[in-house]
file start-v2.tsv (TSV, C-alpha atoms)
chain	number	residue	atom	x	y	z
M	1	MET	CA	80.51	-64.30	32.96
M	2	LYS	CA	81.68	-60.88	34.05
M	3	ARG	CA	84.52	-60.95	31.58
M	4	ASN	CA	82.14	-61.83	28.75
M	5	ARG	CA	80.02	-58.82	29.54
M	6	PHE	CA	83.06	-56.61	28.90
M	7	ILE	CA	84.30	-58.51	25.91
M	8	CYS	CA	81.02	-58.44	23.97
M	9	PRO	CA	80.70	-54.63	23.74
M	10	ILE	CA	84.41	-54.32	22.92
M	11	VAL	CA	84.11	-56.87	20.12
M	12	LEU	CA	80.97	-55.16	18.86
M	13	ILE	CA	82.56	-51.71	18.89
M	14	THR	CA	85.67	-53.07	17.18
M	15	LEU	CA	83.54	-54.67	14.48
M	16	LEU	CA	81.60	-51.43	13.96
M	17	LEU	CA	84.84	-49.46	13.72
M	18	ILE	CA	86.21	-51.92	11.16
M	19	LEU	CA	83.00	-51.65	9.13
M	20	ALA	CA	83.01	-47.84	9.32
M	21	GLY	CA	86.62	-47.86	8.22
M	22	CYS	CA	85.71	-49.93	5.16
M	23	SER	CA	83.06	-47.46	3.97
M	24	PRO	CA	85.36	-45.02	2.10
M	25	LEU	CA	86.91	-47.98	0.32
M	26	TYR	CA	83.50	-49.29	-0.78
M	27	LEU	CA	82.53	-45.79	-1.90
M	28	MET	CA	85.69	-45.43	-3.96
M	29	ARG	CA	85.09	-48.82	-5.57
M	30	SER	CA	81.44	-47.99	-6.18
M	31	GLN	CA	82.26	-44.67	-7.85
M	32	GLY	CA	85.06	-46.22	-9.93
M	33	ALA	CA	82.86	-49.07	-11.15
M	34	TYR	CA	80.00	-46.67	-11.89
M	35	GLU	CA	82.21	-44.35	-13.94
M	36	ARG	CA	83.67	-47.24	-15.94
M	37	GLY	CA	80.17	-48.57	-16.50
M	38	VAL	CA	78.84	-45.22	-17.70
M	39	GLN	CA	81.74	-44.76	-20.11
M	40	ALA	CA	81.21	-48.21	-21.58
M	41	TYR	CA	77.48	-47.42	-21.82
M	42	TYR	CA	78.11	-44.32	-23.94
M	43	TRP	CA	80.54	-46.24	-26.13
M	44	TYR	CA	77.84	-48.87	-26.55
M	45	LEU	CA	75.25	-46.27	-27.56
M	46	LYS	CA	77.48	-44.75	-30.20
M	47	GLU	CA	78.97	-47.94	-31.65
M	48	SER	CA	77.52	-49.21	-34.93
M	49	ASP	CA	79.48	-52.48	-35.24
M	50	ALA	CA	77.30	-55.19	-33.64
M	51	THR	CA	80.22	-57.24	-32.26
M	52	ILE	CA	82.00	-54.29	-30.67
M	53	LYS	CA	78.69	-52.95	-29.41
M	54	GLU	CA	78.07	-56.22	-27.59
M	55	VAL	CA	81.52	-56.05	-25.97
M	56	TYR	CA	80.81	-52.53	-24.67
M	57	LYS	CA	77.43	-53.63	-23.45
M	58	GLU	CA	78.88	-56.53	-21.45
M	59	LYS	CA	81.58	-54.27	-20.03
M	60	ALA	CA	78.97	-51.70	-19.00
M	61	ILE	CA	76.73	-54.32	-17.38
M	62	GLU	CA	79.65	-55.91	-15.52
M	63	ASN	CA	80.84	-52.59	-14.09
M	64	LEU	CA	77.41	-51.28	-13.23
M	65	LYS	CA	76.55	-54.52	-11.41
M	66	LYS	CA	79.79	-54.12	-9.52
M	67	ALA	CA	78.73	-50.55	-8.67
M	68	LEU	CA	75.46	-51.93	-7.25
M	69	GLU	CA	77.32	-54.39	-5.02
M	70	GLU	CA	79.77	-51.78	-3.75
M	71	SER	CA	77.00	-49.22	-3.22
M	72	GLU	CA	75.10	-51.74	-1.12
M	73	SER	CA	78.18	-52.10	1.05
M	74	VAL	CA	78.40	-48.31	1.39
M	75	MET	CA	74.73	-48.15	2.42
M	76	LYS	CA	75.30	-50.88	5.02
M	77	THR	CA	78.55	-49.57	6.47
M	78	ASP	CA	77.80	-45.85	6.30
M	79	PRO	CA	74.03	-45.25	6.23
M	80	THR	CA	74.62	-41.52	6.78
M	81	SER	CA	76.27	-41.12	3.37
M	82	ASP	CA	74.04	-40.13	0.42
M	83	LYS	CA	76.52	-41.30	-2.16
M	84	GLY	CA	75.92	-45.02	-1.73
M	85	TYR	CA	72.22	-44.49	-2.42
M	86	LEU	CA	72.84	-42.24	-5.39
M	87	PHE	CA	75.33	-44.53	-7.12
M	88	TYR	CA	72.97	-47.45	-6.56
M	89	LEU	CA	70.03	-45.57	-8.07
M	90	LYS	CA	71.93	-44.18	-11.04
M	91	ALA	CA	73.50	-47.55	-11.87
M	92	SER	CA	70.11	-49.29	-11.60
M	93	ILE	CA	68.50	-46.87	-14.06
M	94	ILE	CA	71.16	-47.48	-16.72
M	95	LEU	CA	71.15	-51.24	-16.09
M	96	SER	CA	67.40	-51.33	-16.60
M	97	GLY	CA	67.96	-50.25	-20.19
M	98	LEU	CA	71.09	-52.31	-20.85
M	99	ASP	CA	70.10	-55.63	-19.29
M	100	TYR	CA	66.68	-55.30	-20.82
M	101	ASP	CA	65.29	-58.74	-19.91
M	102	ASN	CA	65.82	-57.97	-16.21
M	103	SER	CA	64.80	-54.34	-16.51
M	104	GLN	CA	61.95	-54.42	-14.04
M	105	SER	CA	63.86	-56.32	-11.34
M	106	TYR	CA	66.50	-53.54	-11.28
M	107	ILE	CA	63.75	-50.96	-10.96
M	108	GLU	CA	61.94	-52.88	-8.26
M	109	ASP	CA	65.14	-52.93	-6.17
M	110	ALA	CA	65.84	-49.29	-7.02
M	111	PHE	CA	62.34	-48.39	-5.88
M	112	THR	CA	63.04	-49.96	-2.45
M	113	VAL	CA	66.32	-48.03	-2.20
M	114	SER	CA	64.66	-44.80	-3.37
M	115	ARG	CA	62.06	-45.17	-0.63
M	116	ALA	CA	64.83	-45.54	1.97
M	117	PHE	CA	66.69	-42.57	0.46
M	118	ARG	CA	63.54	-40.48	0.58
M	119	LEU	CA	62.97	-41.30	4.25
M	120	LYS	CA	66.60	-40.55	4.97
M	121	THR	CA	66.47	-37.12	3.29
M	122	MET	CA	63.13	-36.03	4.79
M	123	GLY	CA	63.43	-32.77	6.70
M	124	GLN	CA	66.94	-32.30	5.35
M	125	LYS	CA	68.56	-30.17	2.68
M	126	LYS	CA	68.29	-32.96	0.08
M	127	GLU	CA	64.61	-33.70	0.67
M	128	ALA	CA	63.66	-32.59	-2.86
M	129	LEU	CA	66.32	-34.89	-4.34
M	130	GLY	CA	64.93	-37.80	-2.29
M	131	ALA	CA	61.44	-37.00	-3.57
M	132	TYR	CA	62.72	-36.84	-7.17
M	133	TRP	CA	64.36	-40.29	-6.97
M	134	PHE	CA	61.34	-41.85	-5.33
M	135	ALA	CA	59.01	-40.46	-8.02
M	136	LYS	CA	61.35	-41.44	-10.85
M	137	CYS	CA	61.65	-45.05	-9.68
M	138	ALA	CA	57.89	-45.33	-9.17
M	139	ALA	CA	57.25	-43.90	-12.65
M	140	GLY	CA	59.51	-46.55	-14.20
M	141	TRP	CA	58.24	-49.49	-12.15
M	142	GLU	CA	55.43	-51.25	-14.00
M	143	GLU	CA	54.15	-53.02	-10.87
M	144	ALA	CA	53.58	-49.76	-8.99
M	145	ASP	CA	49.96	-49.63	-7.86
M	146	ARG	CA	47.64	-46.66	-7.80
M	147	ARG	CA	48.56	-45.75	-4.21
M	148	ILE	CA	52.29	-45.73	-4.96
M	149	LEU	CA	51.74	-43.67	-8.11
M	150	SER	CA	49.68	-41.11	-6.20
M	151	GLU	CA	52.35	-40.93	-3.50
M	152	ALA	CA	54.98	-40.49	-6.22
M	153	LEU	CA	52.96	-37.73	-7.89
M	154	ALA	CA	52.87	-35.79	-4.63
M	155	ALA	CA	56.63	-36.36	-4.28
M	156	VAL	CA	57.42	-35.09	-7.78
M	157	GLU	CA	55.27	-31.98	-7.22
M	158	TYR	CA	57.40	-31.32	-4.16
M	159	ALA	CA	60.58	-31.92	-6.17
M	160	LEU	CA	59.45	-29.50	-8.89
M	161	GLU	CA	58.82	-26.82	-6.32
M	162	ASN	CA	61.98	-27.33	-4.31
M	163	LEU	CA	64.77	-28.70	-6.53
M	164	ASP	CA	67.41	-26.26	-7.65
M	165	PRO	CA	67.30	-25.49	-11.39
M	166	GLY	CA	69.01	-28.22	-13.42
M	167	PRO	CA	68.52	-31.50	-15.28
M	168	GLU	CA	66.80	-33.25	-12.36
M	169	LYS	CA	64.23	-30.49	-12.25
M	170	ALA	CA	63.73	-30.69	-16.02
M	171	GLU	CA	63.26	-34.46	-15.78
M	172	SER	CA	60.81	-34.06	-12.91
M	173	ALA	CA	58.37	-32.44	-15.36
M	174	SER	CA	58.50	-35.59	-17.54
M	175	VAL	CA	58.17	-37.82	-14.49
M	176	ARG	CA	55.06	-35.89	-13.46
M	177	GLN	CA	53.60	-36.36	-16.94
M	178	ILE	CA	54.24	-40.13	-16.80
M	179	LEU	CA	52.68	-40.45	-13.34
M	180	GLU	CA	49.59	-38.47	-14.35
M	181	PHE	CA	49.25	-40.64	-17.45
M	182	ARG	CA	49.54	-43.86	-15.46
M	183	ILE	CA	47.04	-42.73	-12.83
M	184	LEU	CA	44.62	-41.81	-15.63
M	185	GLN	CA	45.07	-45.30	-17.09
M	186	PHE	CA	44.09	-46.80	-13.72
M	187	GLN	CA	40.99	-44.63	-13.67
M	188	LEU	CA	40.02	-45.64	-17.21
M	189	GLU	CA	40.51	-49.33	-16.41
M	190	LYS	CA	38.25	-48.95	-13.37
M	191	GLU	CA	35.52	-47.37	-15.48
H	1	MET	CA	74.88	-19.24	-1.44
H	2	LYS	CA	78.58	-18.75	-1.08
H	3	GLN	CA	80.16	-15.48	-2.21
H	4	PHE	CA	83.25	-15.95	-4.32
H	5	THR	CA	86.38	-13.89	-3.98
H	6	ASP	CA	88.41	-12.71	-6.98
H	7	GLU	CA	90.87	-15.47	-6.34
H	8	GLU	CA	88.18	-18.11	-6.21
H	9	ILE	CA	86.59	-16.86	-9.42
H	10	LEU	CA	89.93	-16.93	-11.19
H	11	GLU	CA	90.53	-20.42	-9.86
H	12	LYS	CA	87.21	-21.49	-11.34
H	13	VAL	CA	88.05	-19.81	-14.60
H	14	ARG	CA	91.33	-21.72	-14.69
H	15	LYS	CA	89.44	-24.91	-14.13
H	16	LEU	CA	87.02	-23.95	-16.86
H	17	ARG	CA	89.88	-23.28	-19.22
H	18	ASP	CA	91.38	-26.68	-18.48
H	19	LEU	CA	88.05	-28.40	-18.87
H	20	LEU	CA	87.23	-26.65	-22.12
H	21	ASN	CA	90.63	-27.51	-23.46
H	22	THR	CA	90.00	-31.13	-22.60
H	23	PHE	CA	86.54	-30.84	-24.09
H	24	SER	CA	87.79	-29.52	-27.42
H	25	ILE	CA	90.36	-32.31	-27.66
H	26	LEU	CA	88.04	-35.06	-26.55
H	27	THR	CA	85.31	-34.13	-29.00
H	28	GLN	CA	87.66	-35.26	-31.72
H	29	GLN	CA	86.87	-38.72	-30.47
H	30	TRP	CA	83.60	-40.06	-31.79
H	31	TRP	CA	82.47	-41.62	-28.54
H	32	LEU	CA	82.64	-38.42	-26.59
H	33	THR	CA	80.59	-36.36	-29.00
H	34	LEU	CA	77.55	-38.05	-27.56
H	35	LEU	CA	78.65	-37.66	-23.97
H	36	PHE	CA	79.69	-34.05	-24.36
H	37	GLY	CA	76.93	-32.74	-26.61
H	38	VAL	CA	77.36	-29.02	-26.73
H	39	GLY	CA	74.37	-27.96	-24.64
H	40	PRO	CA	74.69	-30.43	-21.77
H	41	ALA	CA	78.46	-30.15	-21.86
H	42	LEU	CA	78.60	-26.42	-21.39
H	43	PHE	CA	75.82	-26.45	-18.89
H	44	ASN	CA	77.29	-29.31	-16.93
H	45	LEU	CA	80.81	-27.98	-17.07
H	46	TRP	CA	79.58	-24.89	-15.29
H	47	LYS	CA	77.63	-27.04	-12.93
H	48	LYS	CA	80.77	-29.00	-12.23
H	49	ILE	CA	82.82	-25.89	-11.71
H	50	VAL	CA	80.32	-24.15	-9.49
H	51	ASN	CA	79.22	-27.14	-7.48
H	52	LEU	CA	82.34	-29.27	-7.86
H	53	LYS	CA	80.25	-32.13	-9.20
H	54	PRO	CA	82.07	-35.36	-10.02
H	55	PHE	CA	82.50	-36.90	-13.45
H	56	ALA	CA	79.46	-39.09	-12.92
H	57	ASP	CA	77.25	-36.01	-13.03
H	58	LEU	CA	78.43	-34.83	-16.42
H	59	GLN	CA	75.48	-36.31	-18.21
H	60	PHE	CA	71.78	-35.68	-18.19
H	61	PRO	CA	69.79	-38.19	-16.14
H	62	GLU	CA	68.89	-41.35	-18.06
H	63	PRO	CA	65.35	-42.75	-18.20
H	64	THR	CA	64.31	-46.39	-17.70
H	65	PRO	CA	62.71	-48.21	-20.66
H	66	ALA	CA	59.25	-48.13	-19.04
H	67	MET	CA	59.52	-44.35	-18.49
H	68	VAL	CA	60.32	-43.87	-22.18
H	69	PHE	CA	57.38	-45.98	-23.33
H	70	TYR	CA	54.93	-44.33	-20.92
H	71	LEU	CA	56.00	-40.79	-21.80
H	72	ILE	CA	55.71	-41.32	-25.53
H	73	GLU	CA	52.40	-43.10	-25.11
H	74	SER	CA	51.10	-40.03	-23.26
H	75	ILE	CA	51.91	-37.60	-26.08
H	76	GLU	CA	49.38	-36.92	-28.80
H	77	GLY	CA	50.91	-37.45	-32.24
H	78	LEU	CA	53.76	-39.66	-30.98
H	79	LYS	CA	51.36	-42.24	-29.58
H	80	GLU	CA	49.93	-42.75	-33.06
H	81	LYS	CA	53.27	-42.57	-34.86
H	82	TYR	CA	54.87	-45.24	-32.68
H	83	GLU	CA	51.78	-47.34	-32.11
H	84	GLU	CA	53.56	-50.50	-33.22
H	85	GLN	CA	56.54	-50.02	-30.86
H	86	LEU	CA	54.31	-49.06	-27.95
H	87	GLY	CA	52.18	-52.22	-28.03
H	88	SER	CA	52.64	-53.91	-24.65
H	89	GLU	CA	53.55	-57.33	-26.12
H	90	ARG	CA	55.95	-55.87	-28.62
H	91	ARG	CA	58.11	-53.61	-26.38
H	92	ASN	CA	61.76	-54.60	-26.66
H	93	GLU	CA	65.29	-53.31	-26.29
H	94	GLU	CA	65.52	-52.17	-29.89
H	95	ASP	CA	62.37	-50.08	-29.57
H	96	PHE	CA	63.65	-48.60	-26.32
H	97	GLN	CA	66.84	-47.50	-28.08
H	98	LEU	CA	64.76	-46.04	-30.91
H	99	LEU	CA	62.53	-44.05	-28.58
H	100	ARG	CA	65.11	-43.04	-25.94
H	101	PRO	CA	66.39	-39.97	-27.89
H	102	ILE	CA	62.81	-38.69	-28.16
H	103	TYR	CA	62.47	-38.83	-24.38
H	104	LEU	CA	65.76	-36.94	-24.00
H	105	ASP	CA	64.73	-34.29	-26.55
H	106	LEU	CA	61.37	-33.66	-24.93
H	107	THR	CA	62.81	-33.63	-21.44
H	108	TYR	CA	65.88	-31.45	-21.98
H	109	CYS	CA	65.75	-29.59	-25.32
H	110	THR	CA	65.24	-25.87	-24.75
H	111	SER	CA	64.53	-24.85	-28.36
H	112	PHE	CA	60.94	-24.75	-29.61
H	113	LYS	CA	62.23	-24.43	-33.18
H	114	ILE	CA	64.29	-27.63	-32.95
H	115	LEU	CA	61.47	-29.58	-31.30
H	116	LYS	CA	58.98	-28.35	-33.93
H	117	GLU	CA	61.26	-29.41	-36.77
H	118	LYS	CA	61.88	-32.85	-35.26
H	119	TYR	CA	58.34	-33.58	-34.11
H	120	PRO	CA	55.88	-31.93	-36.53
H	121	GLU	CA	53.19	-34.45	-35.55
H	122	VAL	CA	53.10	-33.21	-31.93
H	123	PRO	CA	50.82	-30.25	-31.06
H	124	GLU	CA	52.79	-27.00	-31.08
H	125	GLU	CA	51.37	-25.88	-27.74
H	126	TYR	CA	52.86	-28.95	-26.06
H	127	LEU	CA	56.29	-28.44	-27.63
H	128	GLU	CA	56.23	-24.73	-26.81
H	129	LYS	CA	55.44	-25.49	-23.16
H	130	GLN	CA	58.17	-28.17	-22.96
H	131	SER	CA	60.88	-25.98	-24.46
H	132	ARG	CA	59.90	-23.01	-22.28
H	133	GLU	CA	60.00	-25.10	-19.11
H	134	ASN	CA	63.27	-26.73	-20.08
H	135	LEU	CA	64.86	-23.36	-20.77
H	136	ASP	CA	63.57	-22.13	-17.45
H	137	PHE	CA	64.90	-25.11	-15.50
H	138	LEU	CA	68.26	-25.28	-17.27
H	139	GLY	CA	68.87	-21.66	-18.23
H	140	ARG	CA	68.23	-20.45	-14.71
H	141	CYS	CA	71.44	-22.20	-13.63
H	142	VAL	CA	73.41	-19.79	-15.79
H	143	GLU	CA	71.53	-16.87	-14.25
H	144	ILE	CA	72.40	-18.13	-10.76
H	145	VAL	CA	76.09	-18.25	-11.70
H	146	LYS	CA	75.81	-14.72	-13.10
H	147	GLN	CA	74.20	-13.50	-9.89
H	148	GLU	CA	76.99	-15.06	-7.86
H	149	VAL	CA	79.63	-13.48	-10.08
H	150	SER	CA	77.92	-10.10	-9.80
H	151	LYS	CA	78.13	-10.26	-5.99
H	152	THR	CA	81.90	-10.52	-6.09
H	153	ASP	CA	84.33	-7.61	-6.11
H	154	LEU	CA	85.84	-8.80	-9.38
H	155	ASP	CA	87.01	-6.04	-11.75
H	156	PRO	CA	83.99	-4.77	-13.82
H	157	GLY	CA	85.83	-5.49	-17.06
H	158	HIS	CA	86.38	-9.09	-16.09
H	159	LYS	CA	82.83	-9.38	-14.88
H	160	GLY	CA	81.58	-8.20	-18.27
H	161	GLU	CA	83.74	-10.74	-20.05
H	162	LEU	CA	82.54	-13.55	-17.80
H	163	PHE	CA	78.93	-12.50	-18.37
H	164	ALA	CA	79.51	-12.62	-22.12
H	165	VAL	CA	80.80	-16.19	-21.80
H	166	LEU	CA	77.84	-17.17	-19.62
H	167	ASP	CA	75.38	-15.63	-22.05
H	168	PHE	CA	76.97	-17.62	-24.82
H	169	PHE	CA	76.60	-20.78	-22.75
H	170	LYS	CA	72.94	-19.98	-22.33
H	171	GLU	CA	72.54	-19.56	-26.06
H	172	CYS	CA	74.11	-22.97	-26.55
H	173	LEU	CA	71.63	-24.76	-24.31
H	174	PRO	CA	69.16	-25.59	-27.10
H	175	TYR	CA	71.67	-27.78	-28.86
H	176	LEU	CA	71.45	-31.27	-27.53
H	177	ASP	CA	73.45	-32.99	-30.22
H	178	PHE	CA	76.76	-31.95	-31.69
H	179	ILE	CA	78.79	-28.80	-31.96
H	180	LYS	CA	77.66	-26.95	-35.02
H	181	ASP	CA	80.43	-25.93	-37.40
H	182	GLU	CA	79.46	-22.28	-37.23
H	183	ASP	CA	79.83	-22.39	-33.43
H	184	LYS	CA	83.37	-23.68	-33.44
H	185	GLY	CA	84.76	-20.16	-33.97
H	186	LYS	CA	82.96	-19.01	-30.84
H	187	TYR	CA	84.59	-21.81	-28.90
H	188	LYS	CA	87.98	-20.59	-29.99
H	189	GLU	CA	87.15	-17.06	-28.91
H	190	ILE	CA	85.97	-18.30	-25.54
H	191	LEU	CA	89.08	-20.37	-25.00
H	192	GLU	CA	91.23	-17.31	-25.80
H	193	LEU	CA	89.18	-15.15	-23.45
H	194	ILE	CA	89.42	-17.67	-20.65
H	195	GLU	CA	93.10	-18.11	-21.33
H	196	SER	CA	93.64	-14.37	-20.83
H	197	LEU	CA	91.55	-14.29	-17.67
H	198	GLY	CA	93.04	-17.43	-16.20
H	199	GLY	CA	96.58	-16.28	-16.95
H	200	GLU	CA	96.45	-13.40	-14.49
call {"tool": "encode", "arguments": {"input": "start-v2.tsv", "output": "structure tokens"}}
result
Amino acid sequence: MKRNRFICPIVLITLLLILAGCSPLYLMRSQGAYERGVQAYYWYLKESDATIKEVYKEKAIENLKKALEESESVMKTDPTSDKGYLFYLKASIILSGLDYDNSQSYIEDAFTVSRAFRLKTMGQKKEALGAYWFAKCAAGWEEADRRILSEALAAVEYALENLDPGPEKAESASVRQILEFRILQFQLEKE
Amino acid sequence: MKQFTDEEILEKVRKLRDLLNTFSILTQQWWLTLLFGVGPALFNLWKKIVNLKPFADLQFPEPTPAMVFYLIESIEGLKEKYEEQLGSERRNEEDFQLLRPIYLDLTYCTSFKILKEKYPEVPEEYLEKQSRENLDFLGRCVEIVKQEVSKTDLDPGHKGELFAVLDFFKECLPYLDFIKDEDKGKYKEILELIESLGGE
């Protein structure tokens, strides 16, 4: 019995160390798959030949799905890293347009991740980025209810005030417009 | 923010030179003209240099299909024009691809003139506000870089040359599509300028 009491923590610590050691590998795989996916996505957008376009599309979907898997591993093995969350969110957004029939399921999952990322960044330097991602995912999730949309609107206002100048800040203005429009729709339906 | 030393600035300039060289070669390839549209490219190249952003950040953020449909539905003039595509039963991948560039234009284009030409059906006040905000959000990045450069003890002559390049980058921001032929000469001049700076 006594021996077991010593062995258990040692095994646990060893397992944690192994998992922590795997994290950089998952991150590298996640980034690699994401970059390949994005390249294939831009080839797909530009291609006019239907057959070749389809090949690029499949390649993009395959790599971006791989990026999702690897990012999940990063989030599990190294929850302190922002990169796992960000690759997951970025890959989900592109997949929602590419794998159109499953668009909303990618966004639903991305919304859950964005909520975790927002909580993780609260009170930290990247709080505005967390707010931006949360608002963006809510704006693109059709199932989001009035409460979520209102929460997202407050988040995007925060992002607009606190993000550094750049594309995310520019997009935040569009996200705000979408959220205001959707909240107005809820109000009109109620009336 | 960090203050850069002469050496660090020159290192960044060297990187810029390398990147711009790559850029000018890669734009020969059709698939990269989209990825490296002149405005986002120049803006993001600086972003990459200053913040050491990875390749994945060299594009503007993408929207989801639902975001595209909602945004266009919320804009007077476009809602009517694309009524058929915006119908909730009709929405499909093809319509998303058709409307996606409009989302990108309205979200990132910094030129009122270009927006007005492309979207005459949209109220001018809306387009004016969008372009002004976009220029503010994107153009301010260039100003931040300029402020950082001005804090350094770099030779005033070099500072002036760098400012000229940055101002040109700012001028390029309105172009979201391809390099215009008349701008290609300016690229050459910039590459030569950077070459001379980076060579020291």
call {"tool": "residues_around", "arguments": {"input": "start-v2.tsv", "residues": "Tyr88 of chain M", "least_positions_apart": "5", "cutoff": "9 Å", "atoms": "only C-alpha atoms", "output": "list in words"}}
result
Ser30, Tyr34, Leu64, Ala67, Leu68, Glu69, Glu70, Ser71, Glu72, Lys83, Ile93, Ala110 and Val113 of chain M
call {"tool": "write_last_selection", "arguments": {"input": "start-v2.tsv", "atoms": "C-alpha atoms", "output": "JSON list (two decimals), in the coordinates of the input"}}
result
[["chain", "number", "residue", "atom", "x", "y", "z"],
["M", 30, "SER", "CA", 81.44, -47.99, -6.18],
["M", 34, "TYR", "CA", 80.00, -46.67, -11.89],
["M", 64, "LEU", "CA", 77.41, -51.28, -13.23],
["M", 67, "ALA", "CA", 78.73, -50.55, -8.67],
["M", 68, "LEU", "CA", 75.46, -51.93, -7.25],
["M", 69, "GLU", "CA", 77.32, -54.39, -5.02],
["M", 70, "GLU", "CA", 79.77, -51.78, -3.75],
["M", 71, "SER", "CA", 77.00, -49.22, -3.22],
["M", 72, "GLU", "CA", 75.10, -51.74, -1.12],
["M", 83, "LYS", "CA", 76.52, -41.30, -2.16],
["M", 93, "ILE", "CA", 68.50, -46.87, -14.06],
["M", 110, "ALA", "CA", 65.84, -49.29, -7.02],
["M", 113, "VAL", "CA", 66.32, -48.03, -2.20]]
call {"tool": "atom_distance", "arguments": {"input": "start-v2.tsv", "atom1": "atom CA of Phe117 of chain M", "atom2": "atom CA of Gly130 of chain M"}}
result
5.8 Å
call {"tool": "closest_residue", "arguments": {"input": "start-v2.tsv", "among": "H:Leu135, H:Leu78, H:Ile114, H:Leu86", "to": "chain M", "atoms": "all atoms listed in the file"}}
result
H:Leu135
call {"tool": "closest_residue", "arguments": {"input": "start-v2.tsv", "among": "M:Leu153, M:Ala40, M:Leu25, M:Val74", "to": "chain H", "atoms": "all atoms listed in the file"}}
result
M:Ala40
call {"tool": "closest_residue", "arguments": {"input": "start-v2.tsv", "among": "H:Ile102, H:Leu115, H:Leu127, H:Ile72", "to": "Gly87 of chain H", "atoms": "all atoms listed in the file"}}
result
H:Ile72
call {"tool": "residues_around", "arguments": {"input": "start-v2.tsv", "residues": "segment 156-172 of chain M", "least_positions_apart": "5", "cutoff": "7 Å", "atoms": "only C-alpha atoms", "output": "PDB file with C-alpha atoms, in the frame of the given file"}}
result
ATOM      1  CA  ALA M 128      63.660 -32.590  -2.860  1.00  0.00           C
ATOM      2  CA  LEU M 129      66.320 -34.890  -4.340  1.00  0.00           C
ATOM      3  CA  ALA M 131      61.440 -37.000  -3.570  1.00  0.00           C
ATOM      4  CA  TYR M 132      62.720 -36.840  -7.170  1.00  0.00           C
ATOM      5  CA  ALA M 135      59.010 -40.460  -8.020  1.00  0.00           C
TER       6      ALA M 135
ATOM      7  CA  PHE H  60      71.780 -35.680 -18.190  1.00  0.00           C
ATOM      8  CA  PRO H  61      69.790 -38.190 -16.140  1.00  0.00           C
ATOM      9  CA  THR H 107      62.810 -33.630 -21.440  1.00  0.00           C
ATOM     10  CA  TYR H 108      65.880 -31.450 -21.980  1.00  0.00           C
ATOM     11  CA  ASN H 134      63.270 -26.730 -20.080  1.00  0.00           C
ATOM     12  CA  PHE H 137      64.900 -25.110 -15.500  1.00  0.00           C
ATOM     13  CA  LEU H 138      68.260 -25.280 -17.270  1.00  0.00           C
ATOM     14  CA  ARG H 140      68.230 -20.450 -14.710  1.00  0.00           C
ATOM     15  CA  CYS H 141      71.440 -22.200 -13.630  1.00  0.00           C
TER      16      CYS H 141
END
call {"tool": "interface_residues", "arguments": {"input": "start-v2.tsv", "of": "chain M", "to": "chain H", "cutoff": "10 Å", "atoms": "all atoms listed in the file", "output": "short mmCIF file (atom, residue, chain, number, x, y, z; two decimals) with C-alpha atoms, in the frame of the given file"}}
result
data_model
loop_
_atom_site.label_atom_id
_atom_site.label_comp_id
_atom_site.auth_asym_id
_atom_site.auth_seq_id
_atom_site.Cartn_x
_atom_site.Cartn_y
_atom_site.Cartn_z
CA GLN M 31 82.26 -44.67 -7.85
CA GLY M 32 85.06 -46.22 -9.93
CA TYR M 34 80.00 -46.67 -11.89
CA GLU M 35 82.21 -44.35 -13.94
CA ARG M 36 83.67 -47.24 -15.94
CA VAL M 38 78.84 -45.22 -17.70
CA GLN M 39 81.74 -44.76 -20.11
CA ALA M 40 81.21 -48.21 -21.58
CA TYR M 42 78.11 -44.32 -23.94
CA TRP M 43 80.54 -46.24 -26.13
CA TYR M 44 77.84 -48.87 -26.55
CA LEU M 45 75.25 -46.27 -27.56
CA LYS M 46 77.48 -44.75 -30.20
CA GLU M 47 78.97 -47.94 -31.65
CA PHE M 87 75.33 -44.53 -7.12
CA LYS M 90 71.93 -44.18 -11.04
CA ALA M 91 73.50 -47.55 -11.87
CA SER M 92 70.11 -49.29 -11.60
CA ILE M 93 68.50 -46.87 -14.06
CA ILE M 94 71.16 -47.48 -16.72
CA LEU M 95 71.15 -51.24 -16.09
CA SER M 96 67.40 -51.33 -16.60
CA GLY M 97 67.96 -50.25 -20.19
CA LEU M 98 71.09 -52.31 -20.85
CA ASP M 99 70.10 -55.63 -19.29
CA TYR M 100 66.68 -55.30 -20.82
CA ASP M 101 65.29 -58.74 -19.91
CA SER M 103 64.80 -54.34 -16.51
CA GLN M 104 61.95 -54.42 -14.04
CA TYR M 106 66.50 -53.54 -11.28
CA ILE M 107 63.75 -50.96 -10.96
CA LYS M 136 61.35 -41.44 -10.85
CA CYS M 137 61.65 -45.05 -9.68
CA ALA M 138 57.89 -45.33 -9.17
CA ALA M 139 57.25 -43.90 -12.65
CA GLY M 140 59.51 -46.55 -14.20
CA TRP M 141 58.24 -49.49 -12.15
CA GLU M 142 55.43 -51.25 -14.00
CA LEU M 160 59.45 -29.50 -8.89
CA LEU M 163 64.77 -28.70 -6.53
CA ASP M 164 67.41 -26.26 -7.65
CA PRO M 165 67.30 -25.49 -11.39
CA GLY M 166 69.01 -28.22 -13.42
CA PRO M 167 68.52 -31.50 -15.28
CA GLU M 168 66.80 -33.25 -12.36
CA LYS M 169 64.23 -30.49 -12.25
CA ALA M 170 63.73 -30.69 -16.02
CA GLU M 171 63.26 -34.46 -15.78
CA SER M 172 60.81 -34.06 -12.91
CA ALA M 173 58.37 -32.44 -15.36
CA SER M 174 58.50 -35.59 -17.54
CA VAL M 175 58.17 -37.82 -14.49
CA ARG M 176 55.06 -35.89 -13.46
CA GLN M 177 53.60 -36.36 -16.94
CA ILE M 178 54.24 -40.13 -16.80
CA LEU M 179 52.68 -40.45 -13.34
CA GLU M 180 49.59 -38.47 -14.35
CA PHE M 181 49.25 -40.64 -17.45
CA ARG M 182 49.54 -43.86 -15.46
#
